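Colleague: This is the content of coords-v3.csv (CSV, C-alpha atoms):
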chain,number,residue,atom,x,y,z
A,252,MET,CA,0.0,0.0,0.0
A,253,LEU,CA,1.4,3.4,-1.0
A,254,THR,CA,2.4,6.1,1.4
A,255,ARG,CA,1.9,9.8,0.6
A,256,ARG,CA,5.6,10.2,0.1
A,257,HIS,CA,5.7,7.7,-2.7
A,258,ILE,CA,2.7,9.3,-4.3
A,259,ARG,CA,4.6,12.6,-4.2
A,260,VAL,CA,7.6,10.9,-5.9
A,261,LYS,CA,5.3,9.6,-8.6
A,262,VAL,CA,3.9,13.0,-9.2
A,263,LEU,CA,7.4,14.4,-9.3
A,264,GLN,CA,8.4,11.8,-11.9
A,265,THR,CA,5.4,12.7,-14.0
A,266,LEU,CA,6.0,16.5,-13.8
A,267,TYR,CA,9.7,16.0,-14.7
A,268,ALA,CA,8.7,13.9,-17.7
A,269,ARG,CA,6.3,16.7,-18.7
A,270,HIS,CA,9.1,19.3,-18.2
A,271,GLN,CA,11.5,17.4,-20.4
A,272,SER,CA,8.9,16.5,-23.1
A,273,GLU,CA,7.6,18.6,-26.0
A,274,ASP,CA,4.3,16.7,-25.6
A,275,GLN,CA,2.2,18.7,-23.2
A,276,ASP,CA,-0.9,16.5,-23.4
A,277,GLN,CA,-2.1,16.6,-19.8
A,278,GLU,CA,-4.6,13.7,-20.3
A,279,SER,CA,-1.9,11.3,-21.4
A,280,GLN,CA,0.4,12.4,-18.6
A,281,GLU,CA,-2.3,11.8,-16.0
A,282,LYS,CA,-2.9,8.4,-17.5
A,283,PHE,CA,0.8,7.7,-17.1
A,284,LEU,CA,0.7,8.8,-13.5
A,285,THR,CA,-2.3,6.5,-12.7
A,286,GLN,CA,-0.7,3.5,-14.5
A,287,SER,CA,2.7,4.0,-12.7
A,288,LEU,CA,0.9,4.0,-9.4
A,289,GLU,CA,-1.1,0.9,-10.1
A,290,GLN,CA,1.8,-1.0,-11.6
A,291,MET,CA,3.6,-0.8,-8.2
A,292,GLN,CA,1.2,-3.5,-7.0
A,293,GLU,CA,2.2,-5.7,-9.9
A,294,LEU,CA,5.8,-5.3,-8.9
A,295,GLN,CA,4.9,-6.2,-5.3
A,296,ALA,CA,3.1,-9.4,-6.5
A,297,LEU,CA,6.1,-10.3,-8.7
A,298,LEU,CA,8.6,-10.0,-5.8
A,299,LEU,CA,6.4,-12.2,-3.6
A,300,LEU,CA,6.0,-14.8,-6.3
A,301,LEU,CA,9.8,-14.7,-6.8
A,302,ILE,CA,10.5,-16.4,-3.5
A,303,VAL,CA,8.1,-19.2,-4.5
A,304,ALA,CA,9.9,-19.6,-7.8
A,305,VAL,CA,13.3,-19.7,-6.1
A,306,LYS,CA,11.9,-22.3,-3.7
A,307,ASP,CA,10.7,-24.4,-6.6
A,308,GLN,CA,14.2,-24.1,-8.2
A,309,ALA,CA,15.7,-25.4,-4.9
A,310,GLN,CA,13.3,-28.3,-5.0
A,311,ARG,CA,14.3,-29.2,-8.6
A,312,PHE,CA,18.0,-28.9,-7.6
A,313,THR,CA,17.5,-31.2,-4.7
A,314,GLN,CA,15.8,-33.8,-6.8
A,315,ARG,CA,18.5,-33.8,-9.4
A,316,SER,CA,21.2,-34.1,-6.7
A,317,GLN,CA,19.5,-37.1,-5.3
A,318,GLN,CA,19.5,-38.8,-8.7
A,319,LYS,CA,23.2,-38.5,-9.1
A,320,TYR,CA,24.9,-41.9,-9.7
A,321,PHE,CA,27.6,-41.1,-7.1
A,322,ALA,CA,25.5,-38.9,-4.8
A,323,SER,CA,27.0,-38.1,-1.4
A,324,ASP,CA,25.2,-38.8,1.8
A,325,GLN,CA,24.2,-35.2,2.1
A,326,GLU,CA,22.8,-35.2,-1.5
A,327,ARG,CA,20.8,-38.5,-0.8
A,328,ASN,CA,19.4,-37.0,2.4
A,329,PRO,CA,19.2,-33.3,1.8
A,330,SER,CA,17.8,-30.7,4.1
A,331,VAL,CA,14.3,-29.6,3.0
A,332,ASN,CA,14.1,-26.6,5.3
A,333,PHE,CA,13.8,-24.1,2.4
A,334,ILE,CA,11.5,-26.3,0.4
A,335,ASN,CA,9.2,-26.6,3.5
A,336,ASN,CA,9.6,-23.0,4.6
A,337,GLN,CA,6.4,-22.1,6.4
A,338,LEU,CA,6.3,-18.5,5.2
A,339,VAL,CA,6.8,-19.4,1.6
A,340,ALA,CA,4.0,-22.0,1.9
A,341,LEU,CA,1.6,-19.2,3.1
A,342,ILE,CA,2.7,-16.9,0.3
A,343,GLU,CA,2.1,-19.7,-2.2
A,344,LYS,CA,-1.4,-20.2,-0.9
A,345,ASN,CA,-2.4,-16.6,-0.7
A,346,GLU,CA,-5.6,-16.5,-2.7
A,347,SER,CA,-5.6,-12.7,-3.3
A,348,LEU,CA,-2.1,-12.9,-4.6
A,349,LEU,CA,-2.8,-15.9,-6.9
A,350,GLU,CA,-6.0,-14.2,-8.2
A,351,PHE,CA,-4.2,-10.9,-8.9
A,352,ALA,CA,-1.3,-12.7,-10.7
A,353,LYS,CA,-3.8,-14.6,-12.8
A,354,ASN,CA,-5.8,-11.5,-13.8
A,355,LYS,CA,-2.6,-9.5,-14.6
A,356,LYS,CA,-1.0,-12.5,-16.4
A,357,LEU,CA,2.2,-12.3,-14.2
A,358,LYS,CA,4.1,-15.2,-15.6
A,359,HIS,CA,7.5,-13.6,-15.6
A,360,TRP,CA,9.3,-16.3,-13.5
A,361,GLU,CA,8.0,-19.1,-15.7
A,362,GLN,CA,9.0,-17.3,-18.9
A,363,ASP,CA,12.4,-15.9,-17.6
A,364,ASP,CA,13.5,-18.6,-15.2
A,365,GLU,CA,17.2,-17.9,-15.9
A,366,TYR,CA,16.9,-15.0,-13.3
A,367,VAL,CA,15.4,-17.4,-10.8
A,368,ILE,CA,18.4,-19.7,-11.3
A,369,ILE,CA,20.8,-16.9,-10.9
A,370,LEU,CA,19.2,-15.8,-7.6
A,371,PHE,CA,19.2,-19.4,-6.3
A,372,ASN,CA,22.8,-19.9,-7.2
A,373,ARG,CA,23.7,-16.7,-5.3
A,374,LEU,CA,21.7,-17.9,-2.3
A,375,LYS,CA,23.4,-21.3,-2.4
A,376,ALA,CA,26.8,-19.6,-2.2
A,377,THR,CA,26.1,-17.8,1.1
A,378,ASN,CA,27.1,-19.1,4.6
A,379,TRP,CA,23.7,-18.2,6.1
A,380,TYR,CA,21.9,-20.5,3.6
A,381,ALA,CA,24.0,-23.4,4.8
A,382,ASP,CA,23.4,-22.4,8.4
A,383,TYR,CA,19.7,-22.4,7.8
A,384,LEU,CA,19.7,-25.8,6.0
A,385,ALA,CA,21.6,-27.2,9.1
A,386,LEU,CA,18.8,-26.3,11.5
A,387,ALA,CA,17.1,-29.4,12.9
A,388,LYS,CA,13.5,-28.2,12.7
A,389,PRO,CA,13.1,-24.4,12.0
A,390,SER,CA,10.5,-22.5,13.9
A,391,PHE,CA,8.2,-20.0,12.1
A,392,ASP,CA,10.4,-17.2,13.3
A,393,GLN,CA,13.5,-18.8,11.8
A,394,ASP,CA,11.8,-19.5,8.5
A,395,ARG,CA,10.6,-15.9,8.4
A,396,ASN,CA,14.0,-14.5,9.3
A,397,PHE,CA,15.6,-16.5,6.5
A,398,ILE,CA,13.2,-15.1,3.9
A,399,VAL,CA,13.8,-11.6,5.2
A,400,GLN,CA,17.5,-12.1,4.6
A,401,PHE,CA,16.8,-13.3,1.1
A,402,TYR,CA,15.0,-10.0,0.3
A,403,ARG,CA,17.5,-7.8,2.1
A,404,LYS,CA,20.8,-9.5,1.0
A,405,ILE,CA,20.0,-11.2,-2.3
A,406,LEU,CA,17.2,-9.3,-4.1
A,407,ALA,CA,18.2,-5.8,-2.9
A,408,GLU,CA,21.7,-6.2,-4.2
A,409,ASP,CA,21.3,-8.1,-7.4
A,410,ASP,CA,22.2,-5.9,-10.4
A,411,LYS,CA,20.9,-8.4,-13.0
A,412,LEU,CA,17.5,-8.3,-11.3
A,413,TYR,CA,17.5,-4.5,-11.4
A,414,ASP,CA,18.3,-4.6,-15.2
A,415,TYR,CA,15.5,-7.1,-15.7
A,416,ILE,CA,13.0,-5.0,-13.8
A,417,GLU,CA,14.0,-1.8,-15.6
A,418,ASP,CA,13.5,-3.6,-19.0
A,419,LYS,CA,10.0,-4.7,-18.0
A,420,SER,CA,8.6,-1.3,-16.8
A,421,LEU,CA,10.0,2.2,-17.1
A,422,THR,CA,9.0,3.2,-13.6
A,423,TRP,CA,9.8,-0.1,-11.7
A,424,ILE,CA,13.5,0.7,-11.2
A,425,ASP,CA,12.6,3.6,-8.9
A,426,ASP,CA,9.8,1.6,-7.3
A,427,PHE,CA,11.9,-1.5,-6.6
A,428,PRO,CA,13.8,-0.3,-3.4
A,429,TRP,CA,10.5,1.0,-1.9
A,430,VAL,CA,8.5,-2.1,-2.7
A,431,ASN,CA,11.3,-4.4,-1.5
A,432,THR,CA,11.7,-2.4,1.7
A,433,ALA,CA,8.0,-2.5,2.3
A,434,LEU,CA,7.9,-6.3,1.9
A,435,VAL,CA,10.8,-6.7,4.4
A,436,LYS,CA,9.0,-4.5,6.9
A,437,GLY,CA,5.8,-6.5,6.4
A,438,MET,CA,7.6,-9.8,6.7
A,439,ASN,CA,9.3,-8.8,9.9
A,440,ARG,CA,5.9,-8.3,11.5
A,441,VAL,CA,4.1,-11.3,10.0
A,442,THR,CA,2.7,-14.2,11.9
A,443,PRO,CA,1.2,-17.5,10.7
A,444,ASN,CA,-2.3,-15.9,11.2
A,445,SER,CA,-1.5,-12.6,9.5
A,446,ALA,CA,0.4,-13.7,6.4
A,447,ASN,CA,-2.6,-12.9,4.2
A,448,LYS,CA,-1.8,-9.2,4.9
A,449,LEU,CA,1.4,-9.4,3.0
A,450,PHE,CA,-0.6,-8.9,-0.2
A,451,VAL,CA,-3.9,-7.0,-0.1
A,452,PRO,CA,-5.4,-5.9,-3.4
A,453,GLY,CA,-5.6,-2.1,-3.7
A,454,VAL,CA,-2.8,0.4,-4.1
A,455,PHE,CA,-4.2,3.2,-1.9
A,456,LYS,CA,-5.1,3.3,1.8
A,457,ASP,CA,-8.3,5.3,1.1
A,458,LYS,CA,-10.1,7.5,-1.4
A,459,ASP,CA,-8.2,10.6,-0.2
A,460,ASP,CA,-4.9,9.0,-1.0
A,461,GLN,CA,-6.3,7.8,-4.4
A,462,ASN,CA,-7.2,11.4,-5.3
A,463,PHE,CA,-4.2,13.1,-3.8
A,464,GLY,CA,-1.7,12.3,-6.5
A,465,GLN,CA,-3.9,13.3,-9.4
A,466,ASN,CA,-5.0,16.5,-7.6
A,467,LEU,CA,-1.4,17.5,-6.8
A,468,PHE,CA,-0.3,16.9,-10.4
A,469,ARG,CA,-3.3,18.9,-11.8
A,470,ARG,CA,-2.9,21.8,-9.4
A,471,VAL,CA,0.9,22.2,-10.0
A,472,VAL,CA,0.3,22.2,-13.8
A,473,ARG,CA,-2.7,24.6,-13.5
A,474,HIS,CA,-1.1,27.0,-11.1
A,475,GLN,CA,2.5,26.9,-12.3
A,476,ALA,CA,2.6,30.6,-13.1
A,477,GLU,CA,1.3,31.5,-9.6
A,478,LEU,CA,3.7,29.1,-7.9
A,479,GLN,CA,6.6,30.6,-9.8
A,480,LYS,CA,5.5,34.1,-8.9
A,481,VAL,CA,5.6,33.1,-5.2
A,482,LEU,CA,9.2,32.0,-5.7
A,483,GLU,CA,10.3,35.3,-7.2
A,484,GLY,CA,12.8,37.0,-4.9
A,485,LYS,CA,13.2,34.0,-2.7
A,486,THR,CA,16.3,32.8,-4.5
A,487,PRO,CA,18.4,36.1,-4.8
A,488,ASN,CA,21.7,34.2,-5.2
A,489,TRP,CA,20.3,31.8,-7.8
A,490,ASP,CA,19.3,32.5,-11.4
A,491,HIS,CA,16.4,30.5,-12.5
A,492,GLU,CA,18.6,28.6,-14.9
A,493,ARG,CA,21.0,27.5,-12.1
A,494,ILE,CA,18.3,25.8,-10.1
A,495,ALA,CA,18.1,22.1,-10.8
A,496,ASP,CA,14.9,21.1,-12.6
A,497,LEU,CA,14.1,18.6,-9.9
A,498,ASP,CA,14.6,21.2,-7.2
A,499,LEU,CA,12.4,23.7,-9.0
A,500,LEU,CA,9.6,21.1,-9.3
A,501,LEU,CA,10.0,20.1,-5.6
A,502,LEU,CA,9.7,23.8,-4.6
A,503,GLN,CA,6.6,24.2,-6.8
A,504,MET,CA,5.0,21.1,-5.3
A,505,GLY,CA,5.7,22.3,-1.8
A,506,ILE,CA,4.2,25.7,-2.4
A,507,CYS,CA,1.2,24.1,-4.1
A,508,GLU,CA,0.5,22.2,-0.9
A,509,PHE,CA,0.8,25.4,1.1
A,510,LEU,CA,-1.8,27.2,-1.1
A,511,HIS,CA,-4.1,24.5,-2.4
A,512,PHE,CA,-4.2,21.6,0.2
A,513,PRO,CA,-5.7,23.1,3.4
A,514,SER,CA,-5.6,20.0,5.5
A,515,ILE,CA,-1.9,19.1,5.0
A,516,PRO,CA,0.2,20.6,7.8
A,517,VAL,CA,3.0,22.9,6.6
A,518,ARG,CA,5.7,21.0,8.5
A,519,VAL,CA,4.6,17.7,6.9
A,520,SER,CA,4.9,19.1,3.4
A,521,ILE,CA,8.4,20.6,4.1
A,522,ASN,CA,9.7,17.4,5.7
A,523,GLU,CA,8.3,15.2,2.8
A,524,TYR,CA,10.0,17.3,0.1
A,525,LEU,CA,13.3,17.4,2.1
A,526,GLU,CA,13.4,13.6,2.3
A,527,ILE,CA,12.5,13.3,-1.4
A,528,ALA,CA,15.3,15.8,-2.3
A,529,LYS,CA,17.8,13.8,-0.3
A,530,GLU,CA,17.0,10.7,-2.4
A,531,TYR,CA,16.4,12.1,-5.8
A,532,SER,CA,18.3,15.4,-6.2
A,533,THR,CA,21.7,16.8,-5.5
A,534,PRO,CA,23.6,16.5,-2.2
A,535,LYS,CA,22.9,20.2,-1.2
A,536,SER,CA,19.3,20.2,-2.5
A,537,SER,CA,17.6,19.5,0.8
A,538,LEU,CA,19.3,22.4,2.6
A,539,PHE,CA,18.4,24.7,-0.3
A,540,ILE,CA,14.8,23.6,-0.5
A,541,ASN,CA,14.4,23.8,3.3
A,542,GLY,CA,15.6,27.4,3.4
A,543,ILE,CA,13.4,28.5,0.5
A,544,LEU,CA,10.2,26.8,1.8
A,545,ASP,CA,10.7,28.2,5.2
A,546,ASN,CA,10.9,31.7,3.8
A,547,VAL,CA,7.9,31.1,1.6
A,548,VAL,CA,5.8,30.0,4.6
A,549,LYS,CA,6.8,33.1,6.6
A,550,ASP,CA,5.9,35.4,3.7
A,551,LEU,CA,2.6,33.7,3.1
A,552,MET,CA,1.7,33.9,6.8
A,553,ALA,CA,2.7,37.5,7.0
A,554,GLY,CA,0.4,38.3,4.0
A,555,ASP,CA,-2.4,36.1,5.3
A,556,GLN,CA,-2.1,33.9,2.2
A,557,LEU,CA,-1.3,30.6,3.8
A,558,ASN,CA,-4.4,28.4,3.0
A,559,LYS,CA,-4.6,26.0,5.9
A,560,ASN,CA,-7.6,24.9,8.0
A,561,GLU,CA,-7.2,23.9,11.7
A,562,ARG,CA,-5.7,20.5,10.9
A,563,GLY,CA,-3.2,22.0,8.4
A,564,LEU,CA,-1.9,24.5,10.9
A,565,ARG,CA,-0.9,21.8,13.4
Let's see the structure in the file written out as structure tokens.

Modeller:
Amino acid sequence: MLTRRHIRVKVLQTLYARHQSEDQDQESQEKFLTQSLEQMQELQALLLLLIVAVKDQAQRFTQRSQQKYFASDQERNPSVNFINNQLVALIEKNESLLEFAKNKKLKHWEQDDEYVIILFNRLKATNWYADYLALAKPSFDQDRNFIVQFYRKILAEDDKLYDYIEDKSLTWIDDFPWVNTALVKGMNRVTPNSANKLFVPGVFKDKDDQNFGQNLFRRVVRHQAELQKVLEGKTPNWDHERIADLDLLLLQMGICEFLHFPSIPVRVSINEYLEIAKEYSTPKSSLFINGILDNVVKDLMAGDQLNKNERGLR
């Protein structure tokens, strides 16, 4: 499920694409924004299905090893801890996930199983995989911790998987770290009775979040001249051309929230755009943006132009 910060990032990406493009068709850009938000859940489903595919690869590997003519004792009597992992079994039986994958035709790991093999081989080469296989009878917590390690240490660091994901969807490469981190956080909290919550159909928490991204995009585009006018004189040491495009868009988005989103607290908006700047813009951008937005807020308050209701002033 998306947070407001990631919705803001998606709006930023769409505004940046609009800024760089000669095509100013707002309808197609809004469609791109909606699709990129919805496709995040497809990526979430794919990453969950990936651990099932790797488990299946482990099972095939074990079966082949047992059939060797000169199989070792360990190969004849292999550990099945991963194959019988309790969390993977719950993911594999998640009806919402299976139905979603069927409707979206998510057959990536069947069609491109070479990536599954690469990931399994990387897993096999780790000491902690051997340690996990050596456990006599893993508890649910041990099974869960092993899967969390897989997502943190194998998926998060695999360059080939990053390349594959980027080839499949233009926006997934930016979504991958967020989705993977969200899965890790969810898995760290999961219990045998709550595993169905790892995948819940629906991208947004509620209707307000669903509308937020589209409204933010529309209002920044519609009021761009007004937002730029508010910025005039706030950057005396910076020519307009010297301000990074991303920084300019982040400033416009922040000012847009000050003026056109009465219920969003000022400090929330500023903090969100500072964090986004740290991740997506230049090393000094967050300090620059913080200073400008603070000055804008002071001027708007002095001129009684800050459009905030009681909730937005908290």

Colleague: Near stretch 336-345 of chain A, counting only C-alpha atoms, which residues have an atom at most 9 Å away, once you skip same-chain residues fewer than 3 positions from it, shown as a list in words?

Modeller: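 With the cut-off at 9 Å, the set is Leu299, Leu300, Ile302, Val303, Lys306, Val331, Asn332, Phe333, Leu348, Leu349, Glu350, Pro389, Ser390, Phe391, Asp394, Arg395, Ile398, Met438, Val441, Thr442, Pro443, Ala446, Asn447, Leu449 and Phe450 of chain A.
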
Colleague: With distances taken over all atoms listed in the file, which residue among A:Phe427, A:Tyr524, A:Asp496, A:Pro516 lies nearest A:Gln271?

Modeller: A:Asp496

Colleague: Quick one: residues within 7 Å of A:Ile424, only C-alpha atoms counted, chain neighbours fewer than 4 positions away excluded, as a list in words?

Modeller: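 The residues that qualify are Tyr413, Ile416 and Glu417 of chain A.
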
Colleague: For each of A:Asp550, A:Val260, A:Asn560, A:Pro329, take the minimum atom-to-atom distance to A:Gln314, counting all atoms listed in the file, then give the residue where this is smallest.

Modeller: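 The answer is A:Pro329, which sits nearest to A:Gln314.
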
Colleague: Using only C-alpha atoms, which protein or nucleic acid residues come within 7 Å of stretch 286-295 of chain A? Drop anything in the same chain fewer than 3 positions from it, and give the result as number ranges by chain.

Modeller: A: 282-283, 298-299, 422, 426, 430, 454

Colleague: If you measure from atom CA of A:Leu538 to atom CA of A:Leu284, what distance in Å do you get, rounded to one decimal?

Modeller: 28.1 Å

Colleague: Please indicate the distance in Å from atom CA of A:Thr486 to atom CA of A:Ala553, rounded to one decimal place.

Modeller: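 Between atom CA of A:Thr486 and atom CA of A:Ala553 the gap works out to 18.4 Å.
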
Colleague: Nearest to A:Gly464 among A:Ser536, A:Thr285, A:Ser514, A:Asn431, with distances taken over all atoms listed in the file: which residue is it?

Modeller: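 Result for the nearest residue to A:Gly464: A:Thr285.
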
Colleague: Give me, please, the distance in Å between atom CA of A:Thr432 and atom CA of A:Arg403, quoted to one decimal.

Modeller: 7.9 Å

Colleague: Please provide as a list in words all residues within 10 Å of A:Val547, with the sequence filter that same-chain residues fewer than 4 positions apart are discarded (counting all atoms listed in the file).

Modeller: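 Returned residues: Val481, Leu482, Lys485, Leu502, Gly505, Ile506, Phe509, Asn541, Gly542, Ile543, Leu551, Met552, Ala553 and Leu557 of chain A.
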
Colleague: For A:Lys404, which residue among A:Ile515, A:Asp425, A:Gly437, A:Leu370 is the nearest when counting only C-alpha atoms?

Modeller: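 Of the candidates, the smallest distance to A:Lys404 is held by A:Leu370.
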
Colleague: Given the choices A:Lys419, A:Leu500, A:Thr533, A:Tyr383, which gets closest to A:His359 if the distance is worked out from only C-alpha atoms?

Modeller: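 Between A:Lys419, A:Leu500, A:Thr533, A:Tyr383, the residue approaching A:His359 most closely is A:Lys419.
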
Colleague: Restricting the calculation to only C-alpha atoms, which member of A:Gln308, A:Ser330, A:Ser420, A:Gln503 is positioned closest to A:His474?

Modeller: A:Gln503
